[in-house]
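Structure record follows, encoded as structure tokens.
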Amino acid sequence: MTINTLSQDGVQRQQMPCLTKMERMIISMQDPDMGIKLRNQRLLITVIPHAMTGVDIVEWLIKKFSISDEEALHVGQLFIKYGYIYPLKEPRNLILKADDSSYRFQTPYYWMSTRWPASELDYAIYLAKKNIRKQGELIEYEKECYNALHKRINHTWDFVVMQAREQLRASKQRRKADRIVLECQEQAYWLVNRPPPGTQDSIDHGPERRTMNTRVQLNAEFYKKEIEHNRISLARNRVKSSICLESYVKYCEQYQPHDPIMQGCLPSNPWITDDIMFWNMTSETVALPTKLRVERWSFCFMELLNDPMGRKEFLTYLEKEFSAENLCFWQACEDVRHGETAKIPEKVDEVYKQFLAPGASRWVNIDSKTMEKTLEGLKRPHRFVLDDAQMHIYFLMKKDSYPRYLKSELYKNLLARAIVPQETKKSVFPFMRRQRHSSPSPALATQTAEDDGKAKNSNSNSGTASRL
Amino acid sequence: MGEMEQMKKEAEALKTQIEAARKAVHDTDMASAASGVAPAPRVQLKTRKNLKGHLAKIYAMHWSTDNRLMVSASQDGKLLIWDSHTGNKVNAVPLKSSWVMTCAYAPSGNLVASGGLDNMCTVYNLKTPVIKTVKELDAHTGYLSCARFLSDTEILTASGDTTCALWDLETGKQKTVFLNHVGDCMCLSLSPDMNSFVSGACDSLAKLWDIRDGQCKQTFQGHTSDINAISFLPSGNAFITGSDDCTCKMYDLRADQEVIGYQDAALNSGVTSLALSMSARLIFAGYDDFNCNIWDSLKGEKVGVLSGHDNRVSCTGVPPDGMCVCTGSWDSFLKIWN
């Protein structure tokens with residue numbers, strides 16, 4: 001979103017590449033044989049040559065690209081918005097009407113790609129000309145712009161006025177029809193590049209950015225830090241790309257059945273069928289979870305902990321093993337880390353009393369080194385003071401309780417009882433307002449044709465019992 | 001002149017060594033690693049919802065953790081909270097400054113934030129009977145390009161003054177300032193474990209920061225222009241960036257380098273925003289040429305396009321449950337695709 005035309009190495013960058021596409025189309029529209037048939041149009045008492053009607057434009061687009069009315073109108077509209085075609089009757093109304101309203105192609109001199117950004121000087125000259133011609137009767141916002149420019153580029157104002165006068169003099173020597181055409185073209189250009197307030201500015205590029213920011217001083221201090229940073233970076237341990245990529249591929253494959261865009265979702269994607277049953281079935285407070293949800297808990301420990309229902313189940317299991325205090329401690333630490341700053345000292349104190357103090361009711365087993373460090377830090381409690389202890393307990397649970405939980409009867413039982421939602425089938429009654437069957441996953445559109453054997457998921461649209 | 005030149009040379013020499021060390025561990029590329037994976041089929045998503053309501057360019061949007069509500073910010077001076085499934089506008093928050101560039105939804109759903117050319121991050125409480133401004137975080141000396149809540153008490157911001165900052169929402173003060181970028185910071189993304197975040201800036205670098213000690217832990221190069229969008233992968237081991245140089249790249253934290261780039265010779269407009277599907281297989285990248293392209297992250301190929309906007313796609317978002325994609329554009333509309 002940058003309006004810098006030059007990148008750091010001075011290479012000219014293209015502005016809005018879509019304009020090249022537009023221009024290609026515009027050129028083919030003006031092809032003498034295959035383009036739009038232009039004719040003379042009457043504007044008040046003058047005849048404007050080479051004009052066309054809105055209907056001409058739309059019909060040509062439909063024929064050339066085999067598109068619908070709507071799309072042709074839409075595309076034609078873009079041409080007007082970006083100044084490649086302009087209306088003759090109501091120049092300020094930059095819309096395309098599919099009727100006999102007249103339009104004209106803008107001359108390439110005024111194309112967006114050639115004259116950008118519109119220069120302030122040119123705009124000043126334009127307004128000055130208008131001012132002179134209309135003897136001071138400019139439109140409100142143009143008057144404001146004119147005055148603002150007068151202030152800003154006051155030093156060149158003589159030049160501006162001189163240019164304006166010159167251009168007006170030269171135009172007087174042209175034929176009336178030509179003069180009107182040139183005026184229309186110029187006006188159209190400025191309506192796009194300096195739109196009146198309240199209208200949409202099509203060519204706005206967002207706030208300006210600086211790349212080599214002058215706020216950061218590239219001084220000795222800066223380079224000292226750079227060297228330090230680079231030294232640390234050089235010494236760091238790097239893992240082989242093969243290992244990293246392998247784990248990434250595994251992750252994608254493991255989560256693919258859970259990715260609604262890749263694999264569809266049961267009972268149906270609420271965005272497609274407007275049926276919110278999926279959300280109801282996966283809410284926090286549901287009685288029985290879905291199979292996919294329970295499966296996810298086995299992917300990694302954080303998946304289990306991130307799901308409130310998973311945490312509850314895990315807590316039940318830990319209670320049986322008499323190690324529930326570990327999870328409670330972990331949760332209490334999370335509360336300290338993410339809660340209100342003001343409450344930290346009292347929360348930390350609570351945690352100490354309940355979990356860490358000798359003889360505490362729910363004492364957690366932390367190694368002596370970590371305990372010592374933590375107790376030292378408790379003298380000046382801050383948000384991360386319990387981090388080490390929390391990490392220790394986290395890994396304890398992860399290495400020990402978590403794998404055993406996954407093998408436990410409690411988990412296996414839940415997995416067996418978990419629901420596989422049935423795909424909502426199309427209702428029999430013809431007067432139901434909407435189709436309720438889930439659409440096949442958009443990503444599966446061509447896959448089913450290609451690889452039958454590879455379908456890993458058994459949850460896809462392979463016949464489930466229909467339901468009324 | 002002498003001393004500084006020497007230091008500059010030393011820094012450069014170290015950089016060269018770092019690049020060599022990175023190359024040494026780069027024993028394979030994504031193409032080989034993913035050779036056994038079936039290519040993602042052509043993805044054709046349709047517009048399911050067209051959210052109309054803004055009157056000017058939409059600059060940012062952010063999903064709520066409940067998968068249905070979302071907030072969008074537009075230069076018409078409003079934040080709109082949508083129930084995107086029904087298309088209803090649940091709330092409209094008028095902004096003091098209409099030059100907004102970012103918005104964020106707190107994970108709790110209680111707060112939203114906005115910021116922009118006013119250099120401030122304003123936080124609003126949605127749960128009071130009338131929406132109130134909770135805090136105005138005013139310390140940046142440049143525009144606010146991105147903001148993300150860690151909780152109801154902490155928020156991270158990225159700014160055009162080249163810094164990122166962690167704020168305490170109770171005191172309204174900056175707790176930590178992250179200094180290292182030499183260009184305007186344009187975007188940031190929190191790691192899933194909330195201990196660190198990555199930022200992208202106009203100096204074409206992405207940096208990994210530790211939230212606890214405020215230090216820049218790693219720097220990633222490769223882009224040749226401003227990085228506009230950045231997103232952590234759900235695994236927390238890698239992140240994806242989108243840049244004005246028309247490419248997206250994936251960087252792995254453990255390998256400390258770029259592992260794959262997503263580019264196409266025919267694409268010559270910058271990337272403005274990006275979002276990942278839930279399995280991270282698909283990357284939805286919004287471009288300046290009014291389209292949103294869909295990349296297969298494993299194969300590095302384009303597998304689909306979302307076209308329908310009349311102007312640049314300025315923001316993209318996938319809700320936490322991965323059910324759909326939302327694109328917001330300068331044409332003032334938000335579209336939900338699936």
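Letters A, B, ... mark the chains of the structure tokens in the order given; residue numbers begin at 1 per chain; ligand numbers begin at 1, in order shown.
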
Problem - Selection: 12 Å around Lys9 (chain B), only C-alpha atoms, excl. self and same-chain fewer than 5 positions, as JSON, numbers by chain - result: {"A": [220, 223, 224, 226, 227], "B": [2, 3, 4, 14, 15, 16]}

With N, CA and C atoms retained, write the just-selected residues as a short mmCIF file (atom, residue, chain, number, x, y, z; two decimals), in the first residue's frame.
data_model
loop_
_atom_site.label_atom_id
_atom_site.label_comp_id
_atom_site.auth_asym_id
_atom_site.auth_seq_id
_atom_site.Cartn_x
_atom_site.Cartn_y
_atom_site.Cartn_z
N ALA A 220 26.64 5.15 15.75
CA ALA A 220 27.51 4.14 16.35
C ALA A 220 26.73 3.25 17.32
N TYR A 223 24.85 0.60 15.45
CA TYR A 223 25.67 -0.48 14.91
C TYR A 223 26.21 -1.37 16.02
N LYS A 224 26.45 -0.76 17.18
CA LYS A 224 26.89 -1.57 18.32
C LYS A 224 25.85 -2.62 18.63
N GLU A 226 23.55 -3.69 16.62
CA GLU A 226 23.46 -4.63 15.48
C GLU A 226 24.48 -5.74 15.64
N ILE A 227 25.71 -5.35 15.97
CA ILE A 227 26.79 -6.33 16.10
C ILE A 227 26.44 -7.32 17.20
N GLY B 2 35.87 6.76 10.82
CA GLY B 2 36.57 5.48 10.92
C GLY B 2 35.85 4.46 11.77
N GLU B 3 35.50 4.86 12.99
CA GLU B 3 34.95 3.88 13.92
C GLU B 3 33.62 3.34 13.43
N MET B 4 32.74 4.24 13.01
CA MET B 4 31.43 3.81 12.59
C MET B 4 31.50 2.93 11.35
N LEU B 14 29.32 -10.16 10.00
CA LEU B 14 28.57 -11.12 10.81
C LEU B 14 27.34 -11.60 10.06
N LYS B 15 26.70 -10.65 9.36
CA LYS B 15 25.50 -11.04 8.61
C LYS B 15 25.84 -12.10 7.57
N THR B 16 26.97 -11.91 6.89
CA THR B 16 27.38 -12.88 5.87
C THR B 16 27.59 -14.24 6.50
#

Problem - Residue neighbourhood Ser361 (chain A), 12 Å, only C-alpha atoms, exclusion window fewer than 4 positions, as a ChimeraX atom specification - result: /A:324-325,329,350-357

Problem - Selection: 8 Å around region 173-181 of chain A, only C-alpha atoms, excl. self and same-chain fewer than 5 positions, as an MDAnalysis selection string - result: chainID A and resid 46:48

Write the residues you've just listed into a file as a PDB file, in the first residue's frame, and include N, CA, C and O atoms for each of them.
ATOM      1  N   THR A  46     -23.845  21.512 -30.210  1.00  0.00           N
ATOM      2  CA  THR A  46     -22.643  21.080 -30.908  1.00  0.00           C
ATOM      3  C   THR A  46     -22.684  19.578 -31.154  1.00  0.00           C
ATOM      4  O   THR A  46     -23.321  18.831 -30.412  1.00  0.00           O
ATOM      5  N   VAL A  47     -21.960  19.170 -32.149  1.00  0.00           N
ATOM      6  CA  VAL A  47     -21.882  17.741 -32.447  1.00  0.00           C
ATOM      7  C   VAL A  47     -20.530  17.223 -31.974  1.00  0.00           C
ATOM      8  O   VAL A  47     -19.486  17.740 -32.371  1.00  0.00           O
ATOM      9  N   ILE A  48     -20.556  16.218 -31.103  1.00  0.00           N
ATOM     10  CA  ILE A  48     -19.304  15.626 -30.615  1.00  0.00           C
ATOM     11  C   ILE A  48     -19.053  14.355 -31.415  1.00  0.00           C
ATOM     12  O   ILE A  48     -19.915  13.482 -31.472  1.00  0.00           O
TER      13      ILE A  48
END

Exercise for the section: Identify all chain B residues at most 7 Å from chain A by counting only C-alpha atoms; ligands do not count. Present them as a PyMOL selection string. Expected result: chain B and resi 4+7-8+10-11+14-15+18+25-28+30+33-34+41-45+48+85+151+153+182-184+202-203+218+254-256+268-269+272+277-281+288-289+322-324+338

Handout entry: Test item: residues at most 7 Å from region 300-303 of chain B, only C-alpha atoms, excluding those fewer than 2 positions along its chain, as a PyMOL selection string
Key = chain B and resi 41-43+262+293-298

Practice task
Write out as a ChimeraX atom specification each polymer residue whose atoms come within 9 Å of Glu142 (chain A), counting only C-alpha atoms; drop sequence neighbours fewer than 5 positions from it.
Solution key: /A:127,147,196

Go ahead and write the residues just picked, all heavy atoms, as a PDB file, in the first residue's frame.
ATOM      1  N   LEU A 127      -7.618  24.992 -12.493  1.00  0.00           N
ATOM      2  CA  LEU A 127      -8.559  25.802 -11.743  1.00  0.00           C
ATOM      3  C   LEU A 127      -8.439  27.270 -12.114  1.00  0.00           C
ATOM      4  O   LEU A 127      -9.448  27.993 -12.189  1.00  0.00           O
ATOM      5  CB  LEU A 127      -8.323  25.626 -10.239  1.00  0.00           C
ATOM      6  CG  LEU A 127      -8.754  24.277  -9.660  1.00  0.00           C
ATOM      7  CD1 LEU A 127      -8.417  24.214  -8.172  1.00  0.00           C
ATOM      8  CD2 LEU A 127     -10.248  24.048  -9.846  1.00  0.00           C
ATOM      9  N   ASN A 147      -7.941  28.229  -3.417  1.00  0.00           N
ATOM     10  CA  ASN A 147      -7.339  29.082  -2.398  1.00  0.00           C
ATOM     11  C   ASN A 147      -6.206  28.385  -1.670  1.00  0.00           C
ATOM     12  O   ASN A 147      -5.165  28.971  -1.403  1.00  0.00           O
ATOM     13  CB  ASN A 147      -8.397  29.540  -1.386  1.00  0.00           C
ATOM     14  CG  ASN A 147      -9.408  30.464  -2.030  1.00  0.00           C
ATOM     15  OD1 ASN A 147      -9.093  31.146  -3.008  1.00  0.00           O
ATOM     16  ND2 ASN A 147     -10.616  30.489  -1.493  1.00  0.00           N
ATOM     17  N   PRO A 196     -14.708  15.443  -5.973  1.00  0.00           N
ATOM     18  CA  PRO A 196     -15.356  16.321  -5.006  1.00  0.00           C
ATOM     19  C   PRO A 196     -15.492  15.590  -3.684  1.00  0.00           C
ATOM     20  O   PRO A 196     -15.620  14.371  -3.669  1.00  0.00           O
ATOM     21  CB  PRO A 196     -16.734  16.591  -5.611  1.00  0.00           C
ATOM     22  CG  PRO A 196     -16.719  16.032  -6.967  1.00  0.00           C
ATOM     23  CD  PRO A 196     -15.553  15.136  -7.114  1.00  0.00           C
TER      24      PRO A 196
END

Practice task
Please identify which residues in region 201-413 of chain A DSSP calls alpha helix (DSSP H) from the backbone, and express them as a PyMOL selection string.
Solution key: chain A and resi 220-235+241-255+260-263+270-273+277-281+291-296+301-306+308-321+324-338+344-351+368-378+387-396+402-407+409-413

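Among the candidates B:Met70, B:Leu137, B:Leu267, B:Leu190, the one nearest to Asn237 (chain B) when counting only C-alpha atoms is B:Leu190.
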
Practice task
Run DSSP on the backbone of this structure and report the residues of region 81-207 of chain B it assigns to strand (DSSP E), as a PyMOL selection string.
Solution key: chain B and resi 81-83+88-94+100-105+111-116+120-125+132-138+144-149+154-159+163-168+173-179+185-190+196-201+206-207

Practice task
Extract, using only C-alpha atoms, all DNA, RNA and protein residues at most 7 Å from region 95-112 of chain A, discarding same-chain residues fewer than 2 positions from it, and format them as a PyMOL selection string.
Solution key: chain A and resi 50-55+58+76-77+80+83-89+93+114-116+185+189

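Proximity of A:Ala148, A:Leu138, A:Ala389, A:Val348 to Ser368 (chain A), computed with only C-alpha atoms, is greatest for A:Ala389.
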
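Using only C-alpha atoms, the nearest neighbour of Met250 (chain B) within the list B:Thr162, B:Ser114, B:Gln263, B:Thr86 is B:Gln263.
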
Practice task
Please provide the set of residues having any atom within 9 Å of Ala118 (chain A), restricted to only C-alpha atoms, with same-chain residues fewer than 5 positions apart removed, written as a PyMOL selection string.
Solution key: chain A and resi 112+123+190+193-194

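Rounded to one decimal, CA of Ser196 (chain B) and CA of Arg68 (chain B) lie 26.9 Å from each other.
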
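The gap separating CA of Trp209 (chain B) from CA of Glu334 (chain A) is 20.4 Å, in Å to one decimal.
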
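The smallest atom-to-atom distance between His140 (chain B) and any of B:Cys103, B:Cys326, B:Leu276, B:Cys185, using only C-alpha atoms, is found for B:Cys185.
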
Practice task
Work out how far CA of Tyr124 (chain B) is from CA of Val90 (chain B), in Å to one decimal.
Solution key: 14.5 Å
